[in-house]
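The structure appears below as structure tokens.
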Amino acid sequence: MSLARALYTALVYALLPFAVARLYWRARREPAYREHLAERFGRYADARPARPVIWVHAVSVGETRAAEPLVRELSSRYADHDVVMTHMTPTGRLTGAELFGGNVRQCYLPYDYPAAVSRFLDHYRPRAGVLLETEVWPNVVQACRARGVPLCLANARLSAKSLRGYLWWRSLSRETFGALSAVAAQTEADAQRLRQLGAQRVTVTGNLKFEVSPPSGQLELGREWRASLGPRAVLLAASTRDGEEALILDALPRLPDGVLLVIVPRHPRRFDEVATLLENRGIAYARRTSGMPPAKAMRVLLGDSLGEMFAYYAACDVAFVGGSLLPFGSQNLIEACAAGKPVLIGPSTYNFAEAAERAIAAGAALQVSTANELIDRAGALLADSQARARMGERALEFSRAHQGATQRVLRLIVTPAEAGGPGGAGFRPSPE
């Protein structure tokens, strides 16, 4: 073990009490964090897989949804293998269960302690692994390398801000990123930054999030909701982050009368927090989980349900994508485009910088600077059906024009895995 990784590992062990405390703290709002605690330390109750394993790690909801077409293709192409999907959050795990049912095994990836990582690899014995986006853990990567398990970082992205953070520990970063068998970067800018961290085999493959198709069941559900609302126009504030709801509600008086504002907080633990915010302001609202459509006098519907984002998109006329009014880097605007909706985004888009830039250039999205401008632009679009239709069509075209990443990523995964990697057994497609 290098000196840099030894120091990192010592730090990880020192932080163990804080990691456990954080789990219990989060469980106060999300009780699911108390479940499967042993898996966080590499202890699994399920039987060891009898078949070869392909492992895919998707930390939370966004990564799990992005992985869907890749996982389905891997399951189809390698039907005699098990796909094991690991997560770090209960919402990511729940999303995986909703998407795949019992067709994939699911568990938590253990914290990055060498012994816990070894227990995980001993239990599942993956032939190849895929990490989604930015989930690069030094001990996980080096343990896979030592065992000859090819490990691909797929849909990889790295902002300039994150790069500066990694460069504080340059030697550990270069050791870790240099041990990956392949890196599938979303954009050329991401690829260049990843190479600065020592990644050796970097290919620009595009963004897997363009591959996700809105589920027909959710689209139908959204259309049913829309019909229940009657002629009211609907503005959706999707995946809002802490502080953004207050800004939007400050600007609510600027929204034309009769328009329904639907707010869907990004994190389930904040559903009650946003409800309290509405109550403290004296704003009449309904909750999605009440099962009742909002009365005409209500200005706001609180989307406090999980796994229904495409239904919310299908029900709205204009969609604002949260995490962008305040410096959170934006949530996924591609889903809104895939649903064929006019998109509004705020000034902070570093998590989806290239996608946001291209969507704006394509006429699929408009960028606003403030909540007041957001409400004003939304009001103008809601009053202009032709402009909404044009933006919706361009959003669909933009979404479809950037597909194809799944097959490009598959080539990077399959080539080293079938070759067996450095000492690995590899895997081969199932016979036709």
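Letters for chains follow the order of the structure tokens (A, B, ...), residue numbers begin at 1 for each chain, and ligand numbers begin at 1 in the order shown.
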message: Need to verify the contact set: Val274 in chain A, 9 Å, only C-alpha atoms, exclusion of same-chain residues closer than 3 positions in sequence. Can you return it as a list in words?
response: Glu245, Ala246, Ile263, Pro265, Arg270, Phe271, Leu277, Leu278, Glu279 and Leu302 of chain A
Contact check, range 194-220 of chain A to range 171-176 of chain A, at most 10 Å, counting only C-alpha atoms, closest pairs as JSON lines:
```
{"residue": "A:Leu194", "atom": "CA", "partner": "A:Arg174", "partner_atom": "CA", "distance": 9.6}
{"residue": "A:Arg195", "atom": "CA", "partner": "A:Arg174", "partner_atom": "CA", "distance": 9.0}
{"residue": "A:Gln196", "atom": "CA", "partner": "A:Arg174", "partner_atom": "CA", "distance": 8.2}
{"residue": "A:Leu197", "atom": "CA", "partner": "A:Arg174", "partner_atom": "CA", "distance": 5.1}
{"residue": "A:Gly198", "atom": "CA", "partner": "A:Arg174", "partner_atom": "CA", "distance": 4.3}
{"residue": "A:Ala199", "atom": "CA", "partner": "A:Arg174", "partner_atom": "CA", "distance": 7.2}
{"residue": "A:Gln200", "atom": "CA", "partner": "A:Arg174", "partner_atom": "CA", "distance": 9.6}
```
Per-residue DSSP, range 245-389 of chain A, filtered to strand (DSSP E), as a PyMOL selection string: chain A and resi 260-265+285-287+300-302+318-321+343-345+365-367
All residues 12 Å or closer to Gly102 in chain A, only C-alpha atoms, same chain fewer than 6 positions away omitted, as a PyMOL selection string: chain A and resi 82-85+94+96
- request: Find the spatial neighbours of range 31-41 of chain A, counting only C-alpha atoms, within a cut-off of 8 Å - ignore same-chain residues fewer than 5 positions away - and output them as a ChimeraX atom specification.
  value: /A:23-24,26,89-90,107-111,113,116-117
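Between CA of Gly148 in chain A and CA of Thr203 in chain A there is a distance of 21.3 Å.
Distance annotation: of A:Gly206, A:Pro215, A:Pro49, A:Pro268, the residue with the minimal separation from Leu99 in chain A is A:Pro215; atom set is only C-alpha atoms.
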query: CA of Arg119 in chain A to CA of Glu30 in chain A: how many Å, to one decimal?
result: 26.9 Å
- request: Using DSSP on the backbone coordinates, identify all residues within range 159-301 of chain A classified as helix (DSSP H, G or I); present the result as an MDAnalysis selection string.
  value: chainID A and resid 160:167 170:177 188:196 208:211 216:229 244:250 252:254 268:280 288:290
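For range 189-193 of chain A, the set of protein, DNA and RNA residues having any atom at most 7 Å away, when counting only C-alpha atoms and skipping those fewer than 2 positions along the same chain, is Arg157, Leu158, Leu163, Ala185, Gln186, Thr187, Arg195, Gln196, Leu197, Val202 and Val204 of chain A.
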task: List the neighbours of range 70-80 of chain A out to 12 Å using only C-alpha atoms; skip same-chain residues closer than 5 positions along the sequence, and give me the result as a PyMOL selection string.
output: chain A and resi 49-58+63-65+85+96+99-101+103-105+127-132+154-155+207-212+404-411+413-414+418+426-432
Writer output for current selection, C-alpha atoms, as a PDB file, in the first residue's frame:
```pdb
ATOM      1  CA  PRO A  49     -24.129 -15.953  -6.366  1.00  0.00           C
ATOM      2  CA  ALA A  50     -23.730 -19.281  -8.120  1.00  0.00           C
ATOM      3  CA  ARG A  51     -23.355 -17.599 -11.519  1.00  0.00           C
ATOM      4  CA  PRO A  52     -20.704 -15.127 -12.695  1.00  0.00           C
ATOM      5  CA  VAL A  53     -21.361 -11.534 -11.638  1.00  0.00           C
ATOM      6  CA  ILE A  54     -21.259  -8.194 -13.401  1.00  0.00           C
ATOM      7  CA  TRP A  55     -21.241  -5.401 -10.823  1.00  0.00           C
ATOM      8  CA  VAL A  56     -22.699  -1.915 -11.389  1.00  0.00           C
ATOM      9  CA  HIS A  57     -22.420   0.819  -8.744  1.00  0.00           C
ATOM     10  CA  ALA A  58     -24.967   3.661  -8.854  1.00  0.00           C
ATOM     11  CA  GLU A  63     -27.156   7.449 -11.265  1.00  0.00           C
ATOM     12  CA  THR A  64     -29.534   4.498 -10.947  1.00  0.00           C
ATOM     13  CA  ARG A  65     -31.868   5.930 -13.565  1.00  0.00           C
ATOM     14  CA  MET A  85     -26.210  -3.317  -8.339  1.00  0.00           C
ATOM     15  CA  GLY A  96     -33.367   0.229  -8.574  1.00  0.00           C
ATOM     16  CA  LEU A  99     -36.797  -0.252 -12.301  1.00  0.00           C
ATOM     17  CA  PHE A 100     -35.558  -3.850 -12.217  1.00  0.00           C
ATOM     18  CA  GLY A 101     -37.673  -5.716  -9.679  1.00  0.00           C
ATOM     19  CA  ASN A 103     -34.002  -9.124 -12.086  1.00  0.00           C
ATOM     20  CA  VAL A 104     -30.879  -7.699 -10.449  1.00  0.00           C
ATOM     21  CA  ARG A 105     -29.384  -8.237  -7.026  1.00  0.00           C
ATOM     22  CA  ARG A 127     -15.915 -10.549 -13.240  1.00  0.00           C
ATOM     23  CA  ALA A 128     -16.111  -6.833 -14.117  1.00  0.00           C
ATOM     24  CA  GLY A 129     -17.323  -3.655 -12.465  1.00  0.00           C
ATOM     25  CA  VAL A 130     -18.851  -0.375 -13.604  1.00  0.00           C
ATOM     26  CA  LEU A 131     -18.814   2.765 -11.449  1.00  0.00           C
ATOM     27  CA  LEU A 132     -21.226   5.537 -12.419  1.00  0.00           C
ATOM     28  CA  ALA A 154     -18.869   5.165 -16.887  1.00  0.00           C
ATOM     29  CA  ASN A 155     -20.761   8.367 -17.568  1.00  0.00           C
ATOM     30  CA  ASN A 207     -24.147  11.080 -21.436  1.00  0.00           C
ATOM     31  CA  LEU A 208     -26.085   7.935 -20.500  1.00  0.00           C
ATOM     32  CA  LYS A 209     -28.882  10.113 -19.159  1.00  0.00           C
ATOM     33  CA  PHE A 210     -29.930  10.817 -22.743  1.00  0.00           C
ATOM     34  CA  GLU A 211     -30.688   7.096 -23.112  1.00  0.00           C
ATOM     35  CA  VAL A 212     -33.526   6.954 -20.603  1.00  0.00           C
ATOM     36  CA  GLY A 404     -26.061   6.266 -28.391  1.00  0.00           C
ATOM     37  CA  ALA A 405     -23.886   6.404 -25.274  1.00  0.00           C
ATOM     38  CA  THR A 406     -24.929   2.947 -24.056  1.00  0.00           C
ATOM     39  CA  GLN A 407     -23.349   1.080 -26.944  1.00  0.00           C
ATOM     40  CA  ARG A 408     -20.185   3.175 -26.752  1.00  0.00           C
ATOM     41  CA  VAL A 409     -19.844   2.471 -23.014  1.00  0.00           C
ATOM     42  CA  LEU A 410     -20.521  -1.233 -23.553  1.00  0.00           C
ATOM     43  CA  ARG A 411     -17.552  -1.497 -25.892  1.00  0.00           C
ATOM     44  CA  ILE A 413     -16.657  -2.508 -20.550  1.00  0.00           C
ATOM     45  CA  VAL A 414     -16.710  -5.620 -22.683  1.00  0.00           C
ATOM     46  CA  GLU A 418     -13.658 -10.437 -22.198  1.00  0.00           C
ATOM     47  CA  GLY A 426     -13.349 -12.244 -17.963  1.00  0.00           C
ATOM     48  CA  PHE A 427     -16.846 -12.931 -19.215  1.00  0.00           C
ATOM     49  CA  ARG A 428     -18.311 -13.754 -22.574  1.00  0.00           C
ATOM     50  CA  PRO A 429     -21.672 -13.128 -24.205  1.00  0.00           C
ATOM     51  CA  SER A 430     -24.317 -15.783 -23.750  1.00  0.00           C
ATOM     52  CA  PRO A 431     -24.779 -18.024 -26.783  1.00  0.00           C
ATOM     53  CA  GLU A 432     -27.557 -16.928 -29.125  1.00  0.00           C
TER      54      GLU A 432
END
```
